[in-house]
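Trainee: Input structure: work.pdb, which contains PDB, C-alpha atoms and all ligand atoms.
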ATOM      1  CA  MET A   1      84.320  82.733 122.132  1.00  0.00           C
ATOM      2  CA  ASP A   2      82.011  83.711 119.331  1.00  0.00           C
ATOM      3  CA  PHE A   3      84.267  82.972 116.374  1.00  0.00           C
ATOM      4  CA  ASP A   4      81.665  84.000 113.787  1.00  0.00           C
ATOM      5  CA  ARG A   5      81.304  87.410 115.368  1.00  0.00           C
ATOM      6  CA  ILE A   6      85.097  87.793 115.545  1.00  0.00           C
ATOM      7  CA  ALA A   7      85.502  86.926 111.862  1.00  0.00           C
ATOM      8  CA  LYS A   8      82.672  89.291 110.909  1.00  0.00           C
ATOM      9  CA  GLN A   9      84.243  92.176 112.778  1.00  0.00           C
ATOM     10  CA  PHE A  10      87.669  91.440 111.293  1.00  0.00           C
ATOM     11  CA  TRP A  11      86.288  91.450 107.757  1.00  0.00           C
ATOM     12  CA  GLU A  12      84.358  94.659 108.367  1.00  0.00           C
ATOM     13  CA  ASP A  13      87.243  96.602 109.895  1.00  0.00           C
ATOM     14  CA  GLY A  14      90.368  94.898 108.540  1.00  0.00           C
ATOM     15  CA  TYR A  15      91.615  94.255 112.072  1.00  0.00           C
ATOM     16  CA  ILE A  16      90.532  93.084 115.503  1.00  0.00           C
ATOM     17  CA  VAL A  17      92.142  93.558 118.916  1.00  0.00           C
ATOM     18  CA  PHE A  18      92.199  91.189 121.899  1.00  0.00           C
ATOM     19  CA  GLU A  19      93.471  92.604 125.169  1.00  0.00           C
ATOM     20  CA  LYS A  20      95.036  90.414 127.879  1.00  0.00           C
ATOM     21  CA  PHE A  21      95.140  87.495 125.470  1.00  0.00           C
ATOM     22  CA  PHE A  22      98.462  86.045 126.638  1.00  0.00           C
ATOM     23  CA  PRO A  23      99.564  85.935 130.293  1.00  0.00           C
ATOM     24  CA  ASP A  24     102.142  88.379 131.681  1.00  0.00           C
ATOM     25  CA  GLU A  25     104.647  85.665 132.629  1.00  0.00           C
ATOM     26  CA  LEU A  26     104.779  84.321 129.078  1.00  0.00           C
ATOM     27  CA  MET A  27     105.086  87.845 127.661  1.00  0.00           C
ATOM     28  CA  ASP A  28     107.861  88.776 130.117  1.00  0.00           C
ATOM     29  CA  ALA A  29     109.817  85.671 129.164  1.00  0.00           C
ATOM     30  CA  TYR A  30     109.356  86.315 125.442  1.00  0.00           C
ATOM     31  CA  ASN A  31     110.248  89.991 125.767  1.00  0.00           C
ATOM     32  CA  GLN A  32     113.505  89.076 127.491  1.00  0.00           C
ATOM     33  CA  ARG A  33     114.309  86.430 124.892  1.00  0.00           C
ATOM     34  CA  ILE A  34     113.791  88.961 122.124  1.00  0.00           C
ATOM     35  CA  LEU A  35     115.856  91.643 123.868  1.00  0.00           C
ATOM     36  CA  ASP A  36     118.651  89.116 124.495  1.00  0.00           C
ATOM     37  CA  HIS A  37     118.776  88.464 120.780  1.00  0.00           C
ATOM     38  CA  PHE A  38     118.892  92.131 119.838  1.00  0.00           C
ATOM     39  CA  GLU A  39     121.400  92.988 122.560  1.00  0.00           C
ATOM     40  CA  SER A  40     123.959  90.922 120.681  1.00  0.00           C
ATOM     41  CA  ASP A  41     123.559  93.702 118.088  1.00  0.00           C
ATOM     42  CA  PRO A  42     122.784  91.675 114.965  1.00  0.00           C
ATOM     43  CA  GLU A  43     123.179  93.274 111.587  1.00  0.00           C
ATOM     44  CA  SER A  44     119.970  94.560 110.083  1.00  0.00           C
ATOM     45  CA  GLU A  45     119.029  93.138 106.735  1.00  0.00           C
ATOM     46  CA  LEU A  46     117.504  96.501 105.929  1.00  0.00           C
ATOM     47  CA  ASN A  47     120.034  98.976 104.572  1.00  0.00           C
ATOM     48  CA  ASP A  48     120.345 102.709 105.291  1.00  0.00           C
ATOM     49  CA  GLU A  49     119.093 103.695 101.874  1.00  0.00           C
ATOM     50  CA  PHE A  50     115.878 101.808 102.602  1.00  0.00           C
ATOM     51  CA  SER A  51     115.444 103.472 106.004  1.00  0.00           C
ATOM     52  CA  ASP A  52     116.092 106.964 104.635  1.00  0.00           C
ATOM     53  CA  LYS A  53     113.625 106.596 101.832  1.00  0.00           C
ATOM     54  CA  SER A  54     110.898 104.509 103.464  1.00  0.00           C
ATOM     55  CA  LYS A  55     110.985 106.272 106.843  1.00  0.00           C
ATOM     56  CA  VAL A  56     111.063 102.865 108.482  1.00  0.00           C
ATOM     57  CA  GLN A  57     113.572 102.018 111.210  1.00  0.00           C
ATOM     58  CA  VAL A  58     113.141  98.540 112.581  1.00  0.00           C
ATOM     59  CA  VAL A  59     115.373  95.472 112.860  1.00  0.00           C
ATOM     60  CA  PRO A  60     113.611  92.175 112.139  1.00  0.00           C
ATOM     61  CA  TRP A  61     114.589  88.725 113.448  1.00  0.00           C
ATOM     62  CA  PHE A  62     113.172  85.445 112.097  1.00  0.00           C
ATOM     63  CA  PRO A  63     113.946  82.935 114.883  1.00  0.00           C
ATOM     64  CA  TYR A  64     112.333  79.867 113.269  1.00  0.00           C
ATOM     65  CA  ARG A  65     114.462  80.324 110.153  1.00  0.00           C
ATOM     66  CA  GLU A  66     117.492  79.950 112.429  1.00  0.00           C
ATOM     67  CA  GLY A  67     116.135  76.772 113.981  1.00  0.00           C
ATOM     68  CA  LYS A  68     115.149  78.605 117.174  1.00  0.00           C
ATOM     69  CA  PRO A  69     111.525  77.660 117.861  1.00  0.00           C
ATOM     70  CA  TYR A  70     111.444  79.710 121.042  1.00  0.00           C
ATOM     71  CA  PHE A  71     107.915  81.035 120.729  1.00  0.00           C
ATOM     72  CA  ASP A  72     105.716  77.953 120.427  1.00  0.00           C
ATOM     73  CA  GLY A  73     103.630  79.129 123.403  1.00  0.00           C
ATOM     74  CA  VAL A  74     102.079  81.619 120.989  1.00  0.00           C
ATOM     75  CA  ASP A  75     102.646  79.802 117.725  1.00  0.00           C
ATOM     76  CA  LEU A  76     100.816  76.654 118.864  1.00  0.00           C
ATOM     77  CA  ASP A  77      98.213  78.325 121.091  1.00  0.00           C
ATOM     78  CA  GLN A  78      94.863  76.746 120.377  1.00  0.00           C
ATOM     79  CA  THR A  79      92.607  79.786 120.700  1.00  0.00           C
ATOM     80  CA  PHE A  80      95.058  81.980 118.772  1.00  0.00           C
ATOM     81  CA  ASN A  81      94.934  79.463 115.924  1.00  0.00           C
ATOM     82  CA  GLN A  82      91.168  78.951 116.161  1.00  0.00           C
ATOM     83  CA  ILE A  83      90.671  82.681 115.661  1.00  0.00           C
ATOM     84  CA  THR A  84      93.017  82.472 112.670  1.00  0.00           C
ATOM     85  CA  THR A  85      90.930  79.652 111.198  1.00  0.00           C
ATOM     86  CA  ALA A  86      87.744  81.652 111.754  1.00  0.00           C
ATOM     87  CA  ILE A  87      89.208  84.681 109.990  1.00  0.00           C
ATOM     88  CA  LEU A  88      90.861  82.820 107.109  1.00  0.00           C
ATOM     89  CA  LYS A  89      87.801  80.558 106.880  1.00  0.00           C
ATOM     90  CA  GLU A  90      89.616  77.629 105.366  1.00  0.00           C
ATOM     91  CA  GLU A  91      92.987  76.008 105.541  1.00  0.00           C
ATOM     92  CA  TRP A  92      95.913  78.305 106.134  1.00  0.00           C
ATOM     93  CA  ASP A  93      99.664  78.226 106.591  1.00  0.00           C
ATOM     94  CA  ASN A  94     102.118  79.926 108.854  1.00  0.00           C
ATOM     95  CA  LEU A  95     104.107  82.407 106.806  1.00  0.00           C
ATOM     96  CA  TYR A  96     106.855  83.213 109.322  1.00  0.00           C
ATOM     97  CA  CYS A  97     107.440  84.457 112.814  1.00  0.00           C
ATOM     98  CA  MET A  98     109.141  87.861 112.878  1.00  0.00           C
ATOM     99  CA  MET A  99     110.390  89.683 115.946  1.00  0.00           C
ATOM    100  CA  MET A 100     110.934  93.410 115.536  1.00  0.00           C
ATOM    101  CA  PHE A 101     113.115  95.826 117.467  1.00  0.00           C
ATOM    102  CA  SER A 102     113.173  99.621 117.235  1.00  0.00           C
ATOM    103  CA  LYS A 103     115.846 101.490 119.108  1.00  0.00           C
ATOM    104  CA  LYS A 104     114.846 104.424 121.313  1.00  0.00           C
ATOM    105  CA  GLY A 105     114.761 107.612 119.211  1.00  0.00           C
ATOM    106  CA  THR A 106     114.091 105.899 115.873  1.00  0.00           C
ATOM    107  CA  ILE A 107     111.309 106.850 113.497  1.00  0.00           C
ATOM    108  CA  GLY A 108     109.023 103.803 113.679  1.00  0.00           C
ATOM    109  CA  GLN A 109     107.345 102.570 110.508  1.00  0.00           C
ATOM    110  CA  ALA A 110     105.742 104.773 107.879  1.00  0.00           C
ATOM    111  CA  TRP A 111     102.285 104.074 106.431  1.00  0.00           C
ATOM    112  CA  HIS A 112     102.373 100.857 104.430  1.00  0.00           C
ATOM    113  CA  GLN A 113     100.603  97.799 103.162  1.00  0.00           C
ATOM    114  CA  ASP A 114     102.575  94.619 103.806  1.00  0.00           C
ATOM    115  CA  CYS A 115     101.881  93.419 100.267  1.00  0.00           C
ATOM    116  CA  PRO A 116     100.361  94.999  97.148  1.00  0.00           C
ATOM    117  CA  PRO A 117      96.546  94.808  97.098  1.00  0.00           C
ATOM    118  CA  ASP A 118      96.422  93.790  93.418  1.00  0.00           C
ATOM    119  CA  GLU A 119      94.278  90.748  94.165  1.00  0.00           C
ATOM    120  CA  SER A 120      91.985  90.714  97.172  1.00  0.00           C
ATOM    121  CA  SER A 121      92.576  86.983  97.700  1.00  0.00           C
ATOM    122  CA  LYS A 122      96.353  87.379  97.945  1.00  0.00           C
ATOM    123  CA  TYR A 123      97.357  88.736 101.336  1.00  0.00           C
ATOM    124  CA  ASN A 124      99.169  88.061 104.582  1.00  0.00           C
ATOM    125  CA  LEU A 125      97.492  88.051 107.967  1.00  0.00           C
ATOM    126  CA  ASN A 126      99.459  89.835 110.692  1.00  0.00           C
ATOM    127  CA  ARG A 127      99.080  88.289 114.099  1.00  0.00           C
ATOM    128  CA  LEU A 128     100.797  90.890 116.244  1.00  0.00           C
ATOM    129  CA  VAL A 129     101.621  90.028 119.820  1.00  0.00           C
ATOM    130  CA  TYR A 130     102.824  92.744 122.197  1.00  0.00           C
ATOM    131  CA  THR A 131     105.245  91.614 124.881  1.00  0.00           C
ATOM    132  CA  HIS A 132     105.432  94.931 126.735  1.00  0.00           C
ATOM    133  CA  ASP A 133     103.160  97.920 127.285  1.00  0.00           C
ATOM    134  CA  ILE A 134     103.048 100.522 124.531  1.00  0.00           C
ATOM    135  CA  THR A 135     102.266 103.872 126.184  1.00  0.00           C
ATOM    136  CA  ASP A 136     102.645 107.612 125.597  1.00  0.00           C
ATOM    137  CA  GLU A 137     106.013 107.303 127.334  1.00  0.00           C
ATOM    138  CA  THR A 138     107.322 104.479 125.118  1.00  0.00           C
ATOM    139  CA  GLY A 139     105.932 105.884 121.846  1.00  0.00           C
ATOM    140  CA  GLY A 140     105.632 103.288 119.096  1.00  0.00           C
ATOM    141  CA  ASN A 141     101.851 103.518 118.892  1.00  0.00           C
ATOM    142  CA  VAL A 142     100.215 101.387 116.239  1.00  0.00           C
ATOM    143  CA  ILE A 143      98.087 103.397 113.837  1.00  0.00           C
ATOM    144  CA  ILE A 144      95.537 101.693 111.629  1.00  0.00           C
ATOM    145  CA  TYR A 145      93.182 103.085 109.024  1.00  0.00           C
ATOM    146  CA  PRO A 146      90.073 100.895 109.486  1.00  0.00           C
ATOM    147  CA  LYS A 147      88.316  99.308 106.511  1.00  0.00           C
ATOM    148  CA  THR A 148      91.160 100.028 104.057  1.00  0.00           C
ATOM    149  CA  HIS A 149      91.843  96.320 103.504  1.00  0.00           C
ATOM    150  CA  ASN A 150      89.523  96.534 100.517  1.00  0.00           C
ATOM    151  CA  LYS A 151      90.170 100.129  99.452  1.00  0.00           C
ATOM    152  CA  GLY A 152      93.023  99.374  97.037  1.00  0.00           C
ATOM    153  CA  GLU A 153      96.419 101.006  97.167  1.00  0.00           C
ATOM    154  CA  LEU A 154      97.524 103.238  99.991  1.00  0.00           C
ATOM    155  CA  THR A 155      97.258 106.889  98.936  1.00  0.00           C
ATOM    156  CA  VAL A 156     100.388 108.780  97.871  1.00  0.00           C
ATOM    157  CA  GLY A 157     101.661 111.402 100.335  1.00  0.00           C
ATOM    158  CA  ASP A 158     103.731 112.154 103.421  1.00  0.00           C
ATOM    159  CA  PRO A 159     104.967 108.818 104.837  1.00  0.00           C
ATOM    160  CA  HIS A 160     104.049 109.570 108.463  1.00  0.00           C
ATOM    161  CA  GLU A 161     101.205 112.100 108.315  1.00  0.00           C
ATOM    162  CA  ASP A 162      98.019 111.775 110.366  1.00  0.00           C
ATOM    163  CA  LEU A 163      95.080 110.771 108.189  1.00  0.00           C
ATOM    164  CA  ASP A 164      91.455 111.575 108.984  1.00  0.00           C
ATOM    165  CA  GLY A 165      89.848 108.320 110.027  1.00  0.00           C
ATOM    166  CA  GLN A 166      92.969 106.678 111.476  1.00  0.00           C
ATOM    167  CA  ILE A 167      92.760 105.021 114.868  1.00  0.00           C
ATOM    168  CA  VAL A 168      95.561 104.872 117.430  1.00  0.00           C
ATOM    169  CA  LEU A 169      96.339 101.720 119.391  1.00  0.00           C
ATOM    170  CA  LYS A 170      98.576 101.589 122.459  1.00  0.00           C
ATOM    171  CA  PRO A 171      98.609  97.825 122.992  1.00  0.00           C
ATOM    172  CA  LYS A 172      99.417  96.626 126.459  1.00  0.00           C
ATOM    173  CA  LYS A 173     101.434  93.526 127.358  1.00  0.00           C
ATOM    174  CA  GLY A 174      99.607  90.396 126.202  1.00  0.00           C
ATOM    175  CA  THR A 175      97.518  92.159 123.555  1.00  0.00           C
ATOM    176  CA  VAL A 176      97.012  90.494 120.183  1.00  0.00           C
ATOM    177  CA  VAL A 177      96.090  92.387 117.027  1.00  0.00           C
ATOM    178  CA  PHE A 178      94.959  90.486 113.948  1.00  0.00           C
ATOM    179  CA  LEU A 179      95.529  92.840 111.012  1.00  0.00           C
ATOM    180  CA  HIS A 180      94.923  92.298 107.289  1.00  0.00           C
ATOM    181  CA  GLY A 181      98.114  92.891 105.270  1.00  0.00           C
ATOM    182  CA  HIS A 182      96.276  95.201 102.837  1.00  0.00           C
ATOM    183  CA  CYS A 183      94.957  97.381 105.660  1.00  0.00           C
ATOM    184  CA  TRP A 184      96.926 100.658 105.885  1.00  0.00           C
ATOM    185  CA  HIS A 185      99.033 100.879 109.023  1.00  0.00           C
ATOM    186  CA  ARG A 186     102.104 102.503 110.576  1.00  0.00           C
ATOM    187  CA  VAL A 187     104.046 102.771 113.835  1.00  0.00           C
ATOM    188  CA  THR A 188     104.885 106.138 115.456  1.00  0.00           C
ATOM    189  CA  PRO A 189     108.463 106.970 116.571  1.00  0.00           C
ATOM    190  CA  ALA A 190     109.912 104.948 119.436  1.00  0.00           C
ATOM    191  CA  LYS A 191     110.692 107.091 122.489  1.00  0.00           C
ATOM    192  CA  GLN A 192     111.991 103.986 124.294  1.00  0.00           C
ATOM    193  CA  ASP A 193     113.409 100.730 122.924  1.00  0.00           C
ATOM    194  CA  ARG A 194     110.449  98.910 121.395  1.00  0.00           C
ATOM    195  CA  VAL A 195     109.719  95.257 120.733  1.00  0.00           C
ATOM    196  CA  SER A 196     106.862  93.744 118.753  1.00  0.00           C
ATOM    197  CA  SER A 197     106.270  90.290 117.354  1.00  0.00           C
ATOM    198  CA  ASN A 198     104.330  89.057 114.384  1.00  0.00           C
ATOM    199  CA  PHE A 199     103.252  85.449 113.788  1.00  0.00           C
ATOM    200  CA  ARG A 200     102.306  85.961 110.162  1.00  0.00           C
ATOM    201  CA  ALA A 201      99.868  83.572 108.522  1.00  0.00           C
ATOM    202  CA  MET A 202      98.260  83.375 105.080  1.00  0.00           C
ATOM    203  CA  PRO A 203      95.482  81.529 103.281  1.00  0.00           C
ATOM    204  CA  LYS A 204      96.635  78.173 101.903  1.00  0.00           C
ATOM    205  CA  GLY A 205      98.046  78.537  98.407  1.00  0.00           C
ATOM    206  CA  THR A 206      99.368  82.055  98.955  1.00  0.00           C
ATOM    207  CA  PRO A 207     102.893  82.437  97.544  1.00  0.00           C
ATOM    208  CA  GLU A 208     105.616  82.285 100.224  1.00  0.00           C
ATOM    209  CA  ASP A 209     107.049  85.577  98.992  1.00  0.00           C
ATOM    210  CA  ILE A 210     103.738  87.411  99.436  1.00  0.00           C
ATOM    211  CA  THR A 211     105.371  90.102 101.615  1.00  0.00           C
ATOM    212  CA  ASP A 212     108.433  90.617  99.409  1.00  0.00           C
ATOM    213  CA  VAL A 213     107.014  93.852  97.991  1.00  0.00           C
ATOM    214  CA  CYS A 214     105.750  96.463 100.448  1.00  0.00           C
ATOM    215  CA  VAL A 215     103.663  99.491  99.444  1.00  0.00           C
ATOM    216  CA  TYR A 216     104.662 102.841 101.005  1.00  0.00           C
ATOM    217  CA  ARG A 217     103.207 106.256 100.266  1.00  0.00           C
ATOM    218  CA  ASN A 218     106.284 107.258  98.244  1.00  0.00           C
ATOM    219  CA  MET A 219     107.363 103.964  96.674  1.00  0.00           C
ATOM    220  CA  LYS A 220     107.018 100.215  96.329  1.00  0.00           C
ATOM    221  CA  TYR A 221     110.012  98.348  97.691  1.00  0.00           C
ATOM    222  CA  ARG A 222     111.228  94.806  97.013  1.00  0.00           C
ATOM    223  CA  PHE A 223     113.105  93.395 100.002  1.00  0.00           C
ATOM    224  CA  SER A 224     114.714  90.380  98.269  1.00  0.00           C
ATOM    225  CA  THR A 225     116.597  92.550  95.783  1.00  0.00           C
ATOM    226  CA  GLN A 226     116.689  95.639  98.026  1.00  0.00           C
ATOM    227  CA  GLU A 227     115.314  97.935  95.351  1.00  0.00           C
ATOM    228  CA  VAL A 228     112.668 100.538  94.805  1.00  0.00           C
ATOM    229  CA  ILE A 229     110.516  99.005  92.099  1.00  0.00           C
ATOM    230  CA  GLU A 230     108.175 101.955  91.716  1.00  0.00           C
ATOM    231  CA  GLU A 231     108.352 105.589  92.736  1.00  0.00           C
ATOM    232  CA  ARG A 232     104.998 106.944  93.867  1.00  0.00           C
ATOM    233  CA  ASN A 233     104.290 110.657  93.713  1.00  0.00           C
TER     234      ASN A 233
HETATM  235  O1  LIG A 301     105.409  96.655 115.119  1.00  0.00           O
HETATM  236  C1  LIG A 301     104.193  96.782 114.962  1.00  0.00           C
HETATM  237  O2  LIG A 301     103.463  97.100 115.907  1.00  0.00           O
HETATM  238  C2  LIG A 301     103.555  96.590 113.592  1.00  0.00           C
HETATM  239  C3  LIG A 301     104.584  96.182 112.588  1.00  0.00           C
HETATM  240  C4  LIG A 301     104.064  95.949 111.188  1.00  0.00           C
HETATM  241  O3  LIG A 301     103.718  96.841 110.468  1.00  0.00           O
HETATM  242  C5  LIG A 301     103.980  94.568 110.691  1.00  0.00           C
HETATM  243  O4  LIG A 301     104.457  93.663 111.382  1.00  0.00           O
HETATM  244  O5  LIG A 301     103.447  94.375 109.589  1.00  0.00           O
HETATM  245 FE    FE A 302     103.174  96.086 108.470  1.00  0.00          FE
END
Have the structure of the file written as structure tokens, please.
Ligand SMILES: O=C(O)CCC(=O)C(=O)O
Ligand SMILES: [Fe+2]

Mentor:
Amino acid sequence: MDFDRIAKQFWEDGYIVFEKFFPDELMDAYNQRILDHFESDPESELNDEFSDKSKVQVVPWFPYREGKPYFDGVDLDQTFNQITTAILKEEWDNLYCMMMFSKKGTIGQAWHQDCPPDESSKYNLNRLVYTHDITDETGGNVIIYPKTHNKGELTVGDPHEDLDGQIVLKPKKGTVVFLHGHCWHRVTPAKQDRVSSNFRAMPKGTPEDITDVCVYRNMKYRFSTQEVIEERN
């Protein structure tokens, strides 16, 4: 693998995609493990007021915080972590591992930045791993606006509208997407139950609560206190 070329492309575009990165058997096992968790119908930490306003409907699960290190096959994968080192250039830390579930018929995730782009050196790196195929039938496409990782704050507007210049990804099982947390992105409505997983990392020295405030097109939201901290219009 040409790690320099990978890092260069990531820093040009704000994201980079690797298809067939992880084997089907591992993905099938992980997908089932994630579904098993969500089938027990855990309470979402995200309240209805948040969903209504943000136009985000997703239930997150943080297995490692519960002492369930079930996903080390990805978390400790050498190439996966070598690419991370190439992108982050220096030492880095795991932020957390987050599994996400969207029920069939839910809205997906509106345009957002995972953290405010106030300082270009303060960001999270999404390492998204797809454990099942995302297709026209499943919905839940991943939409990215390339090169916006250094374009400042997401523009104000309709939370889910198509933007000129966006690209649409329909990641297949085993695909990995490295995505800069400042890069504008969203997820289209789920037509079938949808699972995604994110092994978030960050440059060393980044505050642990880097993703506490998320930037949407109509507001900034703080998860820890469950409040809108800024209306945007
Ligand atoms: O579920 C996805 O495909 C992307 C979710 C997302 O926006 C994120 O993990 O930051
Ligand atoms: Fe995100």

Trainee: Might you spell out which residues the PyMOL selection byres (((not hetatm)) within 9 of (chain A and resi 301)) would select in the displayed file, as a VMD selection string?

Mentor: chain A and resid 58 98 to 102 108 to 114 125 to 130 140 to 143 171 177 179 181 185 to 187 194 to 200

Trainee: Using only C-alpha atoms, which residues sit within 12 Å of A:Phe50 once same-chain residues fewer than 6 positions away are excluded, as a list in words?

Mentor: Ser44, Val56, Gln57, Val58, Gln109, Ala110, Cys214, Tyr216, Asn218, Met219, Lys220, Tyr221, Arg222, Phe223, Thr225, Gln226, Glu227 and Val228 of chain A

Trainee: Take the PyMOL selection byres (((chain A and resi 18) around 7) and not hetatm), run it mentally on this structure, and tell me the resulting residues as number ranges by chain.

Mentor: A: 16-17, 19-21, 175-177

Trainee: Residues picked by the PyMOL selection byres (((chain A and resi 115) around 9) and not hetatm) here, as a ChimeraX atom specification?

Mentor: /A:112-114,116-118,122-124,181-182,210-215

Trainee: Once 6 Å is added on each side, what are the centre and the three edge lengths, in Å to one decimal, of the axis-aligned box enclosing the listed atoms of stretch 189-194 of chain A? Present them as AutoDock Vina command-line options.

Mentor:
--center_x 110.9 --center_y 103.0 --center_z 120.4 --size_x 16.9 --size_y 20.2 --size_z 19.7

Trainee: Just give me the gap between atom CA of A:Ile87 and atom CA of A:Ala7 in Å, one decimal is fine.

Mentor: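 Atom CA of A:Ala7 lies at a distance of 4.7 Å from atom CA of A:Ile87.
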
Trainee: For atom CA of A:Thr155 and atom CA of A:Asn47, quote the distance in Å rounded to one decimal.

Mentor: 24.8 Å

Trainee: Can you tell me how far atom CA of A:Lys147 sits from atom CA of A:Gly14, in Å to one decimal?

Mentor: 5.3 Å

Trainee: Determine the nearest neighbour of A:Asp72 from the options A:Val156, A:Lys173, A:Cys97, A:Ser54, counting only C-alpha atoms.

Mentor: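 Nearest candidate to A:Asp72 out of A:Val156, A:Lys173, A:Cys97, A:Ser54: A:Cys97.
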
Trainee: Can you work out which one of A:Cys183, A:Ile83, A:Ile229, A:Leu169 has the shortest atom-to-atom distance to ligand FE 302 (chain A), counting only C-alpha atoms and all ligand atoms?

Mentor: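 Looking at the shortest contact to ligand FE 302 (chain A), the residue is A:Cys183.
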
Trainee: Give the answer as one residue: which of A:Glu208, A:Phe62, A:Thr131, A:Ile144 has the shortest atom-to-atom distance to ligand FE 302 (chain A), using all atoms listed in the file?

Mentor: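 So, comparing all the options, the nearest one is A:Ile144.
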
Trainee: Counting all atoms listed in the file, which of A:Lys68, A:Asn233, A:Pro60, A:Gln82 gets nearest to ligand FE 302 (chain A)?

Mentor: A:Pro60

Trainee: Can you save stretch 220-232 of chain A of the given block to a file, including N, CA and C atoms and formatted as a PDB file, in the first residue's frame?

Mentor:
ATOM      1  N   LYS A 220     -26.464  24.212  16.567  1.00  0.00           N
ATOM      2  CA  LYS A 220     -25.356  23.446  17.147  1.00  0.00           C
ATOM      3  C   LYS A 220     -25.918  22.777  18.392  1.00  0.00           C
ATOM      4  N   TYR A 221     -25.588  21.513  18.558  1.00  0.00           N
ATOM      5  CA  TYR A 221     -26.192  20.727  19.639  1.00  0.00           C
ATOM      6  C   TYR A 221     -25.102  20.143  20.532  1.00  0.00           C
ATOM      7  N   ARG A 222     -25.328  20.247  21.866  1.00  0.00           N
ATOM      8  CA  ARG A 222     -24.386  19.645  22.808  1.00  0.00           C
ATOM      9  C   ARG A 222     -25.022  18.378  23.383  1.00  0.00           C
ATOM     10  N   PHE A 223     -24.386  17.232  23.110  1.00  0.00           N
ATOM     11  CA  PHE A 223     -24.966  15.959  23.538  1.00  0.00           C
ATOM     12  C   PHE A 223     -24.935  15.779  25.054  1.00  0.00           C
ATOM     13  N   SER A 224     -23.839  16.207  25.717  1.00  0.00           N
ATOM     14  CA  SER A 224     -23.696  15.907  27.152  1.00  0.00           C
ATOM     15  C   SER A 224     -24.791  16.559  27.979  1.00  0.00           C
ATOM     16  N   THR A 225     -25.236  17.741  27.549  1.00  0.00           N
ATOM     17  CA  THR A 225     -26.283  18.432  28.319  1.00  0.00           C
ATOM     18  C   THR A 225     -27.616  18.394  27.571  1.00  0.00           C
ATOM     19  N   GLN A 226     -27.610  17.748  26.412  1.00  0.00           N
ATOM     20  CA  GLN A 226     -28.821  17.608  25.588  1.00  0.00           C
ATOM     21  C   GLN A 226     -29.480  18.955  25.315  1.00  0.00           C
ATOM     22  N   GLU A 227     -28.663  19.905  24.825  1.00  0.00           N
ATOM     23  CA  GLU A 227     -29.257  21.221  24.550  1.00  0.00           C
ATOM     24  C   GLU A 227     -28.757  21.824  23.247  1.00  0.00           C
ATOM     25  N   VAL A 228     -29.648  22.610  22.664  1.00  0.00           N
ATOM     26  CA  VAL A 228     -29.278  23.408  21.501  1.00  0.00           C
ATOM     27  C   VAL A 228     -28.455  24.568  22.040  1.00  0.00           C
ATOM     28  N   ILE A 229     -27.216  24.694  21.606  1.00  0.00           N
ATOM     29  CA  ILE A 229     -26.410  25.789  22.146  1.00  0.00           C
ATOM     30  C   ILE A 229     -26.374  26.983  21.200  1.00  0.00           C
ATOM     31  N   GLU A 230     -26.829  26.763  19.964  1.00  0.00           N
ATOM     32  CA  GLU A 230     -26.907  27.883  19.033  1.00  0.00           C
ATOM     33  C   GLU A 230     -27.922  27.556  17.950  1.00  0.00           C
ATOM     34  N   GLU A 231     -28.843  28.479  17.734  1.00  0.00           N
ATOM     35  CA  GLU A 231     -29.767  28.326  16.603  1.00  0.00           C
ATOM     36  C   GLU A 231     -29.038  28.871  15.382  1.00  0.00           C
ATOM     37  N   ARG A 232     -29.223  28.244  14.248  1.00  0.00           N
ATOM     38  CA  ARG A 232     -28.582  28.742  13.027  1.00  0.00           C
ATOM     39  C   ARG A 232     -29.685  28.997  11.996  1.00  0.00           C
TER      40      ARG A 232
END
